[in-house]
file run_7.csv (CSV, C-alpha atoms)
chain,number,residue,atom,x,y,z
A,1,MET,CA,174.0,97.7,-17.8
A,2,ALA,CA,171.8,99.0,-15.0
A,3,ALA,CA,173.4,101.3,-12.4
A,4,ASP,CA,173.5,99.9,-8.9
A,5,SER,CA,171.1,101.8,-6.6
A,6,ALA,CA,171.4,101.9,-2.9
A,7,PRO,CA,168.4,100.8,-0.8
A,8,ALA,CA,166.4,103.6,0.7
A,9,PRO,CA,167.5,104.4,4.3
A,10,ARG,CA,165.3,102.7,7.0
A,11,THR,CA,165.9,105.5,9.5
A,12,ARG,CA,165.9,109.2,10.0
A,13,THR,CA,168.0,111.1,12.5
A,14,PHE,CA,167.3,114.4,14.1
A,15,HIS,CA,169.2,116.8,16.4
A,16,ALA,CA,168.2,119.8,18.6
A,17,ASP,CA,170.3,122.3,20.5
A,18,LEU,CA,168.3,123.6,23.5
A,19,SER,CA,168.7,127.0,25.1
A,20,SER,CA,166.6,129.7,26.7
A,21,ALA,CA,166.9,131.8,23.5
A,22,GLU,CA,164.6,129.3,21.8
A,23,GLU,CA,161.8,129.8,24.3
A,24,VAL,CA,158.9,132.2,23.4
A,25,LYS,CA,159.6,134.0,26.7
A,26,VAL,CA,163.3,133.9,27.3
A,27,LYS,CA,164.4,132.9,30.9
A,28,PRO,CA,167.5,134.1,32.7
A,29,THR,CA,169.4,130.8,32.7
A,30,LYS,CA,172.7,129.4,31.4
A,31,ALA,CA,171.2,126.0,30.9
A,32,THR,CA,171.9,124.2,27.6
A,33,ALA,CA,171.1,120.7,26.2
A,34,THR,CA,171.3,118.6,23.1
A,35,ALA,CA,168.8,116.0,21.9
A,36,ASP,CA,169.5,113.3,19.4
A,37,ILE,CA,166.9,110.9,18.1
A,38,THR,CA,166.8,108.1,15.5
A,39,VAL,CA,163.5,106.9,14.1
A,40,ASP,CA,163.0,103.5,12.3
A,41,LEU,CA,160.7,104.3,9.4
A,42,ALA,CA,159.2,100.9,9.3
A,43,THR,CA,158.2,100.5,12.9
A,44,PHE,CA,158.2,104.2,14.1
A,45,ARG,CA,160.4,103.1,17.0
A,46,MET,CA,162.5,106.0,18.3
A,47,ASN,CA,165.7,106.0,20.2
A,48,TYR,CA,166.6,109.2,22.1
A,49,LYS,CA,169.4,110.7,24.1
A,50,VAL,CA,169.0,114.1,25.8
A,51,THR,CA,172.0,115.6,27.6
A,52,PHE,CA,171.6,118.8,29.7
A,53,LYS,CA,173.6,121.0,32.1
A,54,ASP,CA,173.3,124.1,34.2
A,55,LEU,CA,169.5,124.0,34.8
A,56,THR,CA,168.3,126.5,37.5
A,57,SER,CA,166.6,123.6,39.4
A,58,GLU,CA,165.6,120.0,39.1
A,59,PRO,CA,164.0,119.0,35.8
A,60,ILE,CA,160.4,117.9,36.2
A,61,ARG,CA,159.5,117.1,32.5
A,62,ILE,CA,161.2,116.6,29.2
A,63,GLY,CA,158.9,116.3,26.2
A,64,PHE,CA,158.1,117.0,22.6
A,65,HIS,CA,155.7,119.7,21.5
A,66,GLY,CA,154.0,120.3,18.1
A,67,PRO,CA,153.0,120.6,15.4
A,68,THR,CA,153.8,124.3,15.5
A,69,VAL,CA,156.0,127.0,13.9
A,70,LEU,CA,159.0,128.8,15.2
A,71,GLY,CA,158.1,131.4,17.9
A,72,VAL,CA,154.8,129.8,18.8
A,73,ASP,CA,154.1,127.4,21.7
A,74,GLY,CA,152.8,124.1,20.6
A,75,PRO,CA,150.8,121.4,22.4
A,76,PRO,CA,152.7,118.7,24.2
A,77,PHE,CA,152.4,115.3,22.5
A,78,LEU,CA,155.1,113.1,24.0
A,79,ASP,CA,156.7,112.9,27.5
A,80,LEU,CA,160.1,111.4,27.6
A,81,ALA,CA,160.4,111.8,31.4
A,82,THR,CA,158.5,113.3,34.3
A,83,LYS,CA,160.3,112.0,37.4
A,84,ASN,CA,163.8,111.1,38.5
A,85,ILE,CA,165.3,112.8,35.5
A,86,LYS,CA,169.1,112.6,35.1
A,87,SER,CA,171.5,113.6,32.3
A,88,PRO,CA,171.9,111.9,30.0
A,89,LEU,CA,168.3,110.7,29.5
A,90,GLU,CA,168.2,107.8,27.1
A,91,GLY,CA,165.4,105.5,26.0
A,92,THR,CA,163.2,104.1,23.3
A,93,THR,CA,159.5,104.9,22.5
A,94,THR,CA,157.2,104.5,19.5
A,95,LEU,CA,155.9,107.5,17.6
A,96,SER,CA,152.6,107.6,15.6
A,97,GLU,CA,152.8,108.2,11.9
A,98,ALA,CA,151.5,111.7,12.4
A,99,GLN,CA,154.2,112.5,15.0
A,100,LEU,CA,156.9,111.3,12.5
A,101,GLN,CA,155.4,113.6,9.9
A,102,TYR,CA,155.7,116.5,12.3
A,103,LEU,CA,159.4,115.8,12.7
A,104,LEU,CA,160.0,115.5,9.0
A,105,LEU,CA,158.2,118.8,8.4
A,106,ARG,CA,160.3,120.6,11.2
A,107,GLU,CA,157.3,121.3,13.3
A,108,VAL,CA,158.6,119.8,16.6
A,109,TYR,CA,160.6,121.1,19.5
A,110,ILE,CA,161.8,119.5,22.7
A,111,THR,CA,161.5,121.4,26.0
A,112,ILE,CA,162.9,120.9,29.5
A,113,GLU,CA,160.7,122.1,32.4
A,114,THR,CA,162.2,122.7,35.8
A,115,GLN,CA,160.9,123.2,39.4
A,116,LYS,CA,161.8,126.9,39.2
A,117,TYR,CA,159.6,127.6,36.3
A,118,GLY,CA,156.9,125.0,36.8
A,119,THR,CA,154.9,122.6,34.7
A,120,GLY,CA,153.9,123.8,31.3
A,121,VAL,CA,156.7,126.4,31.2
A,122,GLY,CA,160.0,125.4,29.6
A,123,GLU,CA,163.3,126.6,30.9
A,124,ILE,CA,165.0,125.7,27.6
A,125,ARG,CA,163.8,124.4,24.2
A,126,GLY,CA,165.2,123.4,20.9
A,127,TRP,CA,163.9,122.7,17.4
A,128,PHE,CA,164.6,119.4,15.8
A,129,GLU,CA,166.5,119.4,12.5
A,130,ARG,CA,167.0,116.4,10.3
A,131,ARG,CA,170.5,115.0,10.1
A,132,PRO,CA,172.1,113.1,7.3
A,133,ASP,CA,171.0,109.5,7.5
A,134,GLN,CA,172.9,107.2,9.8
A,135,PRO,CA,172.4,103.6,10.8
A,136,PHE,CA,169.8,102.8,13.4
A,137,VAL,CA,171.4,102.0,16.8
A,138,ALA,CA,169.4,100.0,19.4
A,139,PRO,CA,169.6,101.3,23.0
A,140,ARG,CA,172.0,99.4,25.3
call {"tool": "encode", "arguments": {"input": "run_7.csv", "output": "structure tokens"}}
result
Amino acid sequence: MAADSAPAPRTRTFHADLSSAEEVKVKPTKATATADITVDLATFRMNYKVTFKDLTSEPIRIGFHGPTVLGVDGPPFLDLATKNIKSPLEGTTTLSEAQLQYLLLREVYITIETQKYGTGVGEIRGWFERRPDQPFVAPR
């Protein structure tokens, strides 16, 4: 009798805790944030939710950077928001196959840039870690 095998999961989920301590150049801020994403492996469709608090000024950009390693600034490759940014920020976008691979290899961080520090300089950042697989949830 053959053993039942569960189908391979269709999604991967990732989480990041953002703080100034994760920046290459630490900023004097009490800001923190969390980012949760779920990626459908068949379509590369990504749902995201970023929740932040205590930023020093208005956020001007939230985006992904990579591929890179811990302690090194990486190139930006995906903007989630660049105007009228409120917490929580929720949405859906599509990744490329290469961008998904960066996430799977733990080579991606998310950063929040603010008016105080300017474009290209994150106030806080966090590295994505893979979470145990969970069902894909479509945005509301």
call {"tool": "closest_residue", "arguments": {"input": "run_7.csv", "among": "A:Val121, A:Ala33, A:Leu55, A:Met46", "to": "A:Leu78", "atoms": "all atoms listed in the file"}}
result
A:Met46
call {"tool": "atom_distance", "arguments": {"input": "run_7.csv", "atom1": "atom CA of A:Ala98", "atom2": "atom CA of A:Asp17"}}
result
23.1 Å
call {"tool": "residues_around", "arguments": {"input": "run_7.csv", "residues": "A:Glu22", "least_positions_apart": "6", "cutoff": "10 Å", "atoms": "all atoms listed in the file", "output": "MDAnalysis selection string"}}
result
chainID A and resid 70:71 109 111 122:127
call {"tool": "write_last_selection", "arguments": {"input": "run_7.csv", "atoms": "C-alpha atoms", "output": "mmCIF file, in the coordinates of the input"}}
result
data_model
loop_
_atom_site.group_PDB
_atom_site.id
_atom_site.type_symbol
_atom_site.label_atom_id
_atom_site.label_comp_id
_atom_site.auth_asym_id
_atom_site.auth_seq_id
_atom_site.Cartn_x
_atom_site.Cartn_y
_atom_site.Cartn_z
ATOM 1 C CA LEU A 70 159.000 128.800 15.200
ATOM 2 C CA GLY A 71 158.100 131.400 17.900
ATOM 3 C CA TYR A 109 160.600 121.100 19.500
ATOM 4 C CA THR A 111 161.500 121.400 26.000
ATOM 5 C CA GLY A 122 160.000 125.400 29.600
ATOM 6 C CA GLU A 123 163.300 126.600 30.900
ATOM 7 C CA ILE A 124 165.000 125.700 27.600
ATOM 8 C CA ARG A 125 163.800 124.400 24.200
ATOM 9 C CA GLY A 126 165.200 123.400 20.900
ATOM 10 C CA TRP A 127 163.900 122.700 17.400
#
call {"tool": "closest_residue", "arguments": {"input": "run_7.csv", "among": "A:Ile60, A:Tyr102, A:His15, A:Lys116", "to": "A:Thr29", "atoms": "all atoms listed in the file"}}
result
A:Lys116
call {"tool": "atom_distance", "arguments": {"input": "run_7.csv", "atom1": "atom CA of A:Lys53", "atom2": "atom CA of A:Thr11"}}
result
28.5 Å
call {"tool": "atom_distance", "arguments": {"input": "run_7.csv", "atom1": "atom CA of A:Phe64", "atom2": "atom CA of A:Gln99"}}
result
9.7 Å
call {"tool": "residues_near_point", "arguments": {"input": "run_7.csv", "point": "(166.8, 121.2, 40.6)", "cutoff": "8 Å", "atoms": "all atoms listed in the file", "output": "ChimeraX atom specification"}}
result
/A:55-59,114-116
call {"tool": "residues_around", "arguments": {"input": "run_7.csv", "residues": "A:Phe52", "least_positions_apart": "6", "cutoff": "9 Å", "atoms": "only C-alpha atoms", "output": "JSON, numbers by chain"}}
result
{"A": [18, 31, 32, 33, 34, 35, 86, 87, 88, 89, 112]}
call {"tool": "closest_residue", "arguments": {"input": "run_7.csv", "among": "A:Ser19, A:Thr43, A:Arg131, A:Ile110", "to": "A:Gly63", "atoms": "all atoms listed in the file"}}
result
A:Ile110
call {"tool": "residues_near_point", "arguments": {"input": "run_7.csv", "point": "(173.1, 109.7, 21.2)", "cutoff": "8 Å", "atoms": "all atoms listed in the file", "output": "JSON, numbers by chain"}}
result
{"A": [35, 36, 37, 48, 49, 50, 90]}
call {"tool": "write_last_selection", "arguments": {"input": "run_7.csv", "atoms": "C-alpha atoms", "output": "PDB file, in the coordinates of the input"}}
result
ATOM      1  CA  ALA A  35     168.800 116.000  21.900  1.00  0.00           C
ATOM      2  CA  ASP A  36     169.500 113.300  19.400  1.00  0.00           C
ATOM      3  CA  ILE A  37     166.900 110.900  18.100  1.00  0.00           C
ATOM      4  CA  TYR A  48     166.600 109.200  22.100  1.00  0.00           C
ATOM      5  CA  LYS A  49     169.400 110.700  24.100  1.00  0.00           C
ATOM      6  CA  VAL A  50     169.000 114.100  25.800  1.00  0.00           C
ATOM      7  CA  GLU A  90     168.200 107.800  27.100  1.00  0.00           C
TER       8      GLU A  90
END
call {"tool": "closest_residue", "arguments": {"input": "run_7.csv", "among": "A:Thr119, A:Thr82, A:Ser20, A:Asn47", "to": "A:Ile62", "atoms": "only C-alpha atoms"}}
result
A:Thr82
call {"tool": "closest_residue", "arguments": {"input": "run_7.csv", "among": "A:Leu95, A:Val108, A:Leu103, A:Val69", "to": "A:Thr13", "atoms": "only C-alpha atoms"}}
result
A:Leu103
call {"tool": "closest_residue", "arguments": {"input": "run_7.csv", "among": "A:Tyr117, A:Leu100, A:Phe77, A:Phe44", "to": "A:Pro28", "atoms": "all atoms listed in the file"}}
result
A:Tyr117
call {"tool": "decode", "arguments": {"input": "run_7.csv", "residues": "stretch 4-97 of chain A", "atoms": "C-alpha atoms", "output": "PDB file, in the first residue's frame"}}
result
ATOM      1  CA  ASP A   4      -0.376   9.161   0.957  1.00  0.00           C
ATOM      2  CA  SER A   5       1.757  12.131   0.049  1.00  0.00           C
ATOM      3  CA  ALA A   6       0.646  15.698   0.530  1.00  0.00           C
ATOM      4  CA  PRO A   7       0.812  17.953  -2.511  1.00  0.00           C
ATOM      5  CA  ALA A   8       3.697  20.391  -2.591  1.00  0.00           C
ATOM      6  CA  PRO A   9       2.738  23.811  -1.234  1.00  0.00           C
ATOM      7  CA  ARG A  10       1.838  26.411  -3.857  1.00  0.00           C
ATOM      8  CA  THR A  11       3.048  29.329  -1.773  1.00  0.00           C
ATOM      9  CA  ARG A  12       5.937  30.601   0.301  1.00  0.00           C
ATOM     10  CA  THR A  13       5.572  33.085   3.118  1.00  0.00           C
ATOM     11  CA  PHE A  14       8.214  35.461   4.453  1.00  0.00           C
ATOM     12  CA  HIS A  15       8.480  37.838   7.407  1.00  0.00           C
ATOM     13  CA  ALA A  16      10.785  40.748   8.274  1.00  0.00           C
ATOM     14  CA  ASP A  17      11.169  42.797  11.460  1.00  0.00           C
ATOM     15  CA  LEU A  18      12.432  46.285  10.604  1.00  0.00           C
ATOM     16  CA  SER A  19      14.542  48.514  12.860  1.00  0.00           C
ATOM     17  CA  SER A  20      17.394  50.985  12.653  1.00  0.00           C
ATOM     18  CA  ALA A  21      19.768  48.341  14.014  1.00  0.00           C
ATOM     19  CA  GLU A  22      19.435  46.489  10.693  1.00  0.00           C
ATOM     20  CA  GLU A  23      20.667  49.521   8.688  1.00  0.00           C
ATOM     21  CA  VAL A  24      24.324  49.644   7.598  1.00  0.00           C
ATOM     22  CA  LYS A  25      24.499  53.117   9.209  1.00  0.00           C
ATOM     23  CA  VAL A  26      22.300  53.049  12.316  1.00  0.00           C
ATOM     24  CA  LYS A  27      19.964  56.047  12.701  1.00  0.00           C
ATOM     25  CA  PRO A  28      18.757  57.571  15.988  1.00  0.00           C
ATOM     26  CA  THR A  29      15.122  56.451  15.744  1.00  0.00           C
ATOM     27  CA  LYS A  30      12.605  54.426  17.720  1.00  0.00           C
ATOM     28  CA  ALA A  31      10.795  53.385  14.540  1.00  0.00           C
ATOM     29  CA  THR A  32       9.859  49.745  14.034  1.00  0.00           C
ATOM     30  CA  ALA A  33       7.905  47.815  11.440  1.00  0.00           C
ATOM     31  CA  THR A  34       6.928  44.350  10.308  1.00  0.00           C
ATOM     32  CA  ALA A  35       6.521  43.062   6.773  1.00  0.00           C
ATOM     33  CA  ASP A  36       4.713  39.892   5.763  1.00  0.00           C
ATOM     34  CA  ILE A  37       4.524  38.556   2.232  1.00  0.00           C
ATOM     35  CA  THR A  38       3.039  35.500   0.559  1.00  0.00           C
ATOM     36  CA  VAL A  39       4.152  34.471  -2.927  1.00  0.00           C
ATOM     37  CA  ASP A  40       2.222  32.114  -5.221  1.00  0.00           C
ATOM     38  CA  LEU A  41       4.922  29.900  -6.762  1.00  0.00           C
ATOM     39  CA  ALA A  42       2.984  29.264  -9.975  1.00  0.00           C
ATOM     40  CA  THR A  43       2.210  32.900 -10.836  1.00  0.00           C
ATOM     41  CA  PHE A  44       4.863  34.820  -8.795  1.00  0.00           C
ATOM     42  CA  ARG A  45       1.975  36.949  -7.489  1.00  0.00           C
ATOM     43  CA  MET A  46       2.902  38.471  -4.129  1.00  0.00           C
ATOM     44  CA  ASN A  47       0.571  39.776  -1.411  1.00  0.00           C
ATOM     45  CA  TYR A  48       2.179  42.073   1.128  1.00  0.00           C
ATOM     46  CA  LYS A  49       1.415  43.886   4.354  1.00  0.00           C
ATOM     47  CA  VAL A  50       3.803  46.367   5.979  1.00  0.00           C
ATOM     48  CA  THR A  51       2.931  47.878   9.355  1.00  0.00           C
ATOM     49  CA  PHE A  52       5.112  50.636  10.816  1.00  0.00           C
ATOM     50  CA  LYS A  53       5.172  53.075  13.727  1.00  0.00           C
ATOM     51  CA  ASP A  54       7.225  55.862  15.316  1.00  0.00           C
ATOM     52  CA  LEU A  55       9.008  57.037  12.139  1.00  0.00           C
ATOM     53  CA  THR A  56      10.893  60.329  12.543  1.00  0.00           C
ATOM     54  CA  SER A  57       8.989  61.874   9.610  1.00  0.00           C
ATOM     55  CA  GLU A  58       6.677  61.001   6.711  1.00  0.00           C
ATOM     56  CA  PRO A  59       7.642  57.862   4.766  1.00  0.00           C
ATOM     57  CA  ILE A  60       8.633  58.599   1.156  1.00  0.00           C
ATOM     58  CA  ARG A  61       9.440  55.076  -0.076  1.00  0.00           C
ATOM     59  CA  ILE A  62       8.996  51.476   0.965  1.00  0.00           C
ATOM     60  CA  GLY A  63      10.799  48.942  -1.167  1.00  0.00           C
ATOM     61  CA  PHE A  64      12.842  45.786  -1.586  1.00  0.00           C
ATOM     62  CA  HIS A  65      16.615  45.653  -2.082  1.00  0.00           C
ATOM     63  CA  GLY A  66      18.855  42.805  -3.189  1.00  0.00           C
ATOM     64  CA  PRO A  67      20.423  40.518  -3.935  1.00  0.00           C
ATOM     65  CA  THR A  68      22.947  41.221  -1.205  1.00  0.00           C
ATOM     66  CA  VAL A  69      24.310  39.885   2.063  1.00  0.00           C
ATOM     67  CA  LEU A  70      23.784  41.050   5.630  1.00  0.00           C
ATOM     68  CA  GLY A  71      25.635  44.290   6.368  1.00  0.00           C
ATOM     69  CA  VAL A  72      25.878  45.412   2.732  1.00  0.00           C
ATOM     70  CA  ASP A  73      23.548  47.846   0.948  1.00  0.00           C
ATOM     71  CA  GLY A  74      21.834  46.229  -2.015  1.00  0.00           C
ATOM     72  CA  PRO A  75      20.310  47.759  -5.128  1.00  0.00           C
ATOM     73  CA  PRO A  76      16.585  48.558  -5.036  1.00  0.00           C
ATOM     74  CA  PHE A  77      14.488  46.281  -7.216  1.00  0.00           C
ATOM     75  CA  LEU A  78      10.863  46.762  -6.179  1.00  0.00           C
ATOM     76  CA  ASP A  79       8.976  49.803  -4.885  1.00  0.00           C
ATOM     77  CA  LEU A  80       5.869  48.992  -2.864  1.00  0.00           C
ATOM     78  CA  ALA A  81       4.976  52.666  -2.331  1.00  0.00           C
ATOM     79  CA  THR A  82       6.427  56.101  -3.077  1.00  0.00           C
ATOM     80  CA  LYS A  83       3.603  58.492  -2.117  1.00  0.00           C
ATOM     81  CA  ASN A  84       0.659  58.800   0.281  1.00  0.00           C
ATOM     82  CA  ILE A  85       2.108  56.013   2.432  1.00  0.00           C
ATOM     83  CA  LYS A  86       0.041  54.962   5.439  1.00  0.00           C
ATOM     84  CA  SER A  87       0.313  52.077   7.875  1.00  0.00           C
ATOM     85  CA  PRO A  88      -0.642  49.382   7.256  1.00  0.00           C
ATOM     86  CA  LEU A  89       0.445  49.293   3.613  1.00  0.00           C
ATOM     87  CA  GLU A  90      -1.207  46.370   1.827  1.00  0.00           C
ATOM     88  CA  GLY A  91      -1.237  45.284  -1.784  1.00  0.00           C
ATOM     89  CA  THR A  92      -0.387  42.820  -4.506  1.00  0.00           C
ATOM     90  CA  THR A  93       2.341  42.818  -7.130  1.00  0.00           C
ATOM     91  CA  THR A  94       4.143  40.285  -9.310  1.00  0.00           C
ATOM     92  CA  LEU A  95       7.758  39.240  -8.830  1.00  0.00           C
ATOM     93  CA  SER A  96      10.128  37.953 -11.466  1.00  0.00           C
ATOM     94  CA  GLU A  97      11.488  34.432 -11.103  1.00  0.00           C
TER      95      GLU A  97
END
